[in-house]
Amino acid sequence: MVRALFITLGFEEKFAVRALTRHGLDRGDRIILVTGPRIDKVDKAISFISDFISKYYGGEVDLHVEEVSVHDIYAAISSLRRILTHRSRDADRVIVNLSGGMRVLIAAFIIALGLINIPNLTVEIETEDSSALIQIPTQIIKAWRHQVGAEKAEILKILVSRGDYMSSSEIARLTGKDESTIRRHLSKLREIGLVEVKRLKPLLVKASPTAAIFV
């Protein structure tokens with residue numbers, strides 16, 4: 001069984017080391033350290049973790065470091081969504097530990113988790129004083145994704161790609177769906193803030209800035 005263990009990392013390595021010790025590692029497991037900007041303190045923490053893994057687990061596990069820019073929340077969520085999709089591919093179990101790192105990074109991570117389907121997912125976070133380990137209910141995280149679904153995601157992809165207003169009839173033509181279905185989807189997407197409406201007759205819409213994180 002291959003596991004992918006994502007760990008948010010800041011200046012201190014203690015939360016990451018505790019997560020590795022708690023879960024243990026087996027041959028073929030992947031460790032993905034996710035950081036904000038790479039500065040000296042972060043690099044020192046990465047070096048410590050790398051040495052720890054080499055000492056106790058040898059070359060039996062893969063270590064990856066992913067740097068995420070946190071100054072643009074939309075870009076951060078999109079980047080984390082891609083990292084999660086790529087690094088968890090073919091993993092039998094995915095564990096996400098959000099105990100360390102920048103608050104913006106942790107918030108973006110939780111949102112990104114809600115945008116993709118990871119079947120065997122565990123999300124955990126330690127309290128600041130390390131007195132408790134809390135598991136975040138994945139049912140709550142996954143509920144966000146179900147508000148969009150495949151057909152609405154297809155519409156958002158078209159709108160984001162265009163970058164301008166489009167009519168419901170044009171979207172229907174591009175998707176091969178009935179215009180009444182498209183209008184119903186657009187109404188829901190407007191309700192949850194993912195499209196902006198310019199005109200109702202004929203219906204003209206464009207993607208909101210938030211929509212980009214879904215495609």
# chains A, B, ... in the order shown; residues from 1 in each chain; ligands from 1
>>> residues_around(residues="region 133-143 of chain A", least_positions_apart="4", cutoff="10 Å", atoms="only C-alpha atoms", output="MDAnalysis selection string")
chainID A and resid 96:97 99 110:128 147:148
>>> select_by_dssp(residues="region 71-182 of chain A", states="strand (DSSP E)", output="ChimeraX atom specification")
/A:93-97,121-126,133-135,166-167
>>> closest_residue(among="A:Lys41, A:Arg190, A:Arg87, A:His185", to="Ile155 (chain A)", atoms="only C-alpha atoms")
A:His185
>>> closest_residue(among="A:Phe214, A:Tyr165, A:Phe109, A:Phe15", to="Ala150 (chain A)", atoms="only C-alpha atoms")
A:Phe214
>>> closest_atom_pairs(of="region 98-169 of chain A", to="region 194-201 of chain A", cutoff="12 Å", atoms="only C-alpha atoms", output="tab-separated table")
residue	atom	partner	partner_atom	distance
A:Gln147	CA	A:Leu194	CA	10.9
A:Val148	CA	A:Leu194	CA	9.5
A:Lys152	CA	A:Leu194	CA	10.0
A:Ala153	CA	A:Leu194	CA	10.3
A:Ile155	CA	A:Val195	CA	9.9
A:Leu156	CA	A:Leu194	CA	8.0
A:Lys157	CA	A:Leu194	CA	11.3
A:Ile158	CA	A:Val195	CA	11.7
A:Leu159	CA	A:Val195	CA	8.6
A:Val160	CA	A:Val195	CA	9.8
A:Gly163	CA	A:Val195	CA	11.3
A:Asp164	CA	A:Glu196	CA	10.3
A:Tyr165	CA	A:Lys198	CA	7.6
A:Met166	CA	A:Lys198	CA	9.5
A:Ser167	CA	A:Arg199	CA	9.2
A:Ser168	CA	A:Leu200	CA	9.7
A:Ser169	CA	A:Lys201	CA	11.2
>>> decode(residues="region 172-203 of chain A", atoms="N, CA and C atoms", output="compact mmCIF listing (two decimals), in the first residue's frame")
# COMPACT_ATOMS: atom_id res chain seq x y z
N ALA A 172 -24.25 26.55 -24.54
CA ALA A 172 -25.00 25.34 -24.87
C ALA A 172 -24.44 24.69 -26.13
N ARG A 173 -24.12 25.52 -27.12
CA ARG A 173 -23.56 24.98 -28.36
C ARG A 173 -22.21 24.29 -28.12
N LEU A 174 -21.37 24.91 -27.31
CA LEU A 174 -20.03 24.36 -27.06
C LEU A 174 -20.07 23.10 -26.21
N THR A 175 -21.04 23.00 -25.33
CA THR A 175 -21.13 21.82 -24.45
C THR A 175 -22.00 20.72 -25.03
N GLY A 176 -22.84 21.07 -26.02
CA GLY A 176 -23.77 20.09 -26.57
C GLY A 176 -24.96 19.84 -25.67
N LYS A 177 -25.18 20.74 -24.71
CA LYS A 177 -26.31 20.60 -23.77
C LYS A 177 -27.46 21.51 -24.19
N ASP A 178 -28.66 21.18 -23.73
CA ASP A 178 -29.83 22.01 -23.97
C ASP A 178 -29.65 23.35 -23.24
N GLU A 179 -30.10 24.45 -23.87
CA GLU A 179 -29.89 25.76 -23.27
C GLU A 179 -30.62 25.90 -21.93
N SER A 180 -31.75 25.24 -21.79
CA SER A 180 -32.47 25.31 -20.51
C SER A 180 -31.63 24.69 -19.39
N THR A 181 -30.91 23.61 -19.72
CA THR A 181 -30.00 22.99 -18.74
C THR A 181 -28.87 23.93 -18.38
N ILE A 182 -28.31 24.59 -19.39
CA ILE A 182 -27.22 25.54 -19.16
C ILE A 182 -27.69 26.69 -18.29
N ARG A 183 -28.87 27.19 -18.57
CA ARG A 183 -29.41 28.29 -17.76
C ARG A 183 -29.60 27.87 -16.30
N ARG A 184 -30.04 26.65 -16.09
CA ARG A 184 -30.23 26.14 -14.73
C ARG A 184 -28.89 26.05 -14.00
N HIS A 185 -27.87 25.55 -14.70
CA HIS A 185 -26.54 25.47 -14.10
C HIS A 185 -25.98 26.87 -13.81
N LEU A 186 -26.19 27.79 -14.74
CA LEU A 186 -25.68 29.15 -14.56
C LEU A 186 -26.36 29.84 -13.38
N SER A 187 -27.63 29.54 -13.18
CA SER A 187 -28.34 30.11 -12.03
C SER A 187 -27.71 29.65 -10.72
N LYS A 188 -27.37 28.36 -10.65
CA LYS A 188 -26.73 27.83 -9.44
C LYS A 188 -25.33 28.41 -9.27
N LEU A 189 -24.59 28.51 -10.37
CA LEU A 189 -23.23 29.05 -10.30
C LEU A 189 -23.25 30.52 -9.88
N ARG A 190 -24.27 31.24 -10.32
CA ARG A 190 -24.42 32.63 -9.88
C ARG A 190 -24.72 32.68 -8.39
N GLU A 191 -25.57 31.78 -7.94
CA GLU A 191 -25.97 31.74 -6.53
C GLU A 191 -24.78 31.52 -5.61
N ILE A 192 -23.83 30.70 -6.03
CA ILE A 192 -22.66 30.42 -5.18
C ILE A 192 -21.47 31.30 -5.54
N GLY A 193 -21.70 32.31 -6.39
CA GLY A 193 -20.68 33.33 -6.64
C GLY A 193 -19.60 32.99 -7.63
N LEU A 194 -19.88 32.04 -8.53
CA LEU A 194 -18.85 31.63 -9.49
C LEU A 194 -19.03 32.23 -10.88
N VAL A 195 -20.18 32.83 -11.15
CA VAL A 195 -20.36 33.57 -12.40
C VAL A 195 -21.00 34.92 -12.10
N GLU A 196 -20.73 35.87 -12.99
CA GLU A 196 -21.31 37.21 -12.91
C GLU A 196 -22.21 37.42 -14.11
N VAL A 197 -23.37 38.01 -13.88
CA VAL A 197 -24.36 38.21 -14.94
C VAL A 197 -24.35 39.67 -15.39
N LYS A 198 -24.24 39.85 -16.69
CA LYS A 198 -24.30 41.20 -17.26
C LYS A 198 -25.70 41.55 -17.71
N ARG A 199 -26.38 40.57 -18.29
CA ARG A 199 -27.72 40.81 -18.83
C ARG A 199 -28.51 39.51 -18.76
N LEU A 200 -29.83 39.64 -18.58
CA LEU A 200 -30.68 38.45 -18.47
C LEU A 200 -31.29 38.02 -19.80
N LYS A 201 -31.58 38.99 -20.68
CA LYS A 201 -32.19 38.68 -21.97
C LYS A 201 -31.46 39.43 -23.07
N PRO A 202 -30.66 38.71 -23.89
CA PRO A 202 -30.26 37.31 -23.70
C PRO A 202 -29.29 37.20 -22.52
N LEU A 203 -29.22 36.03 -21.93
CA LEU A 203 -28.40 35.82 -20.75
C LEU A 203 -26.92 35.89 -21.11
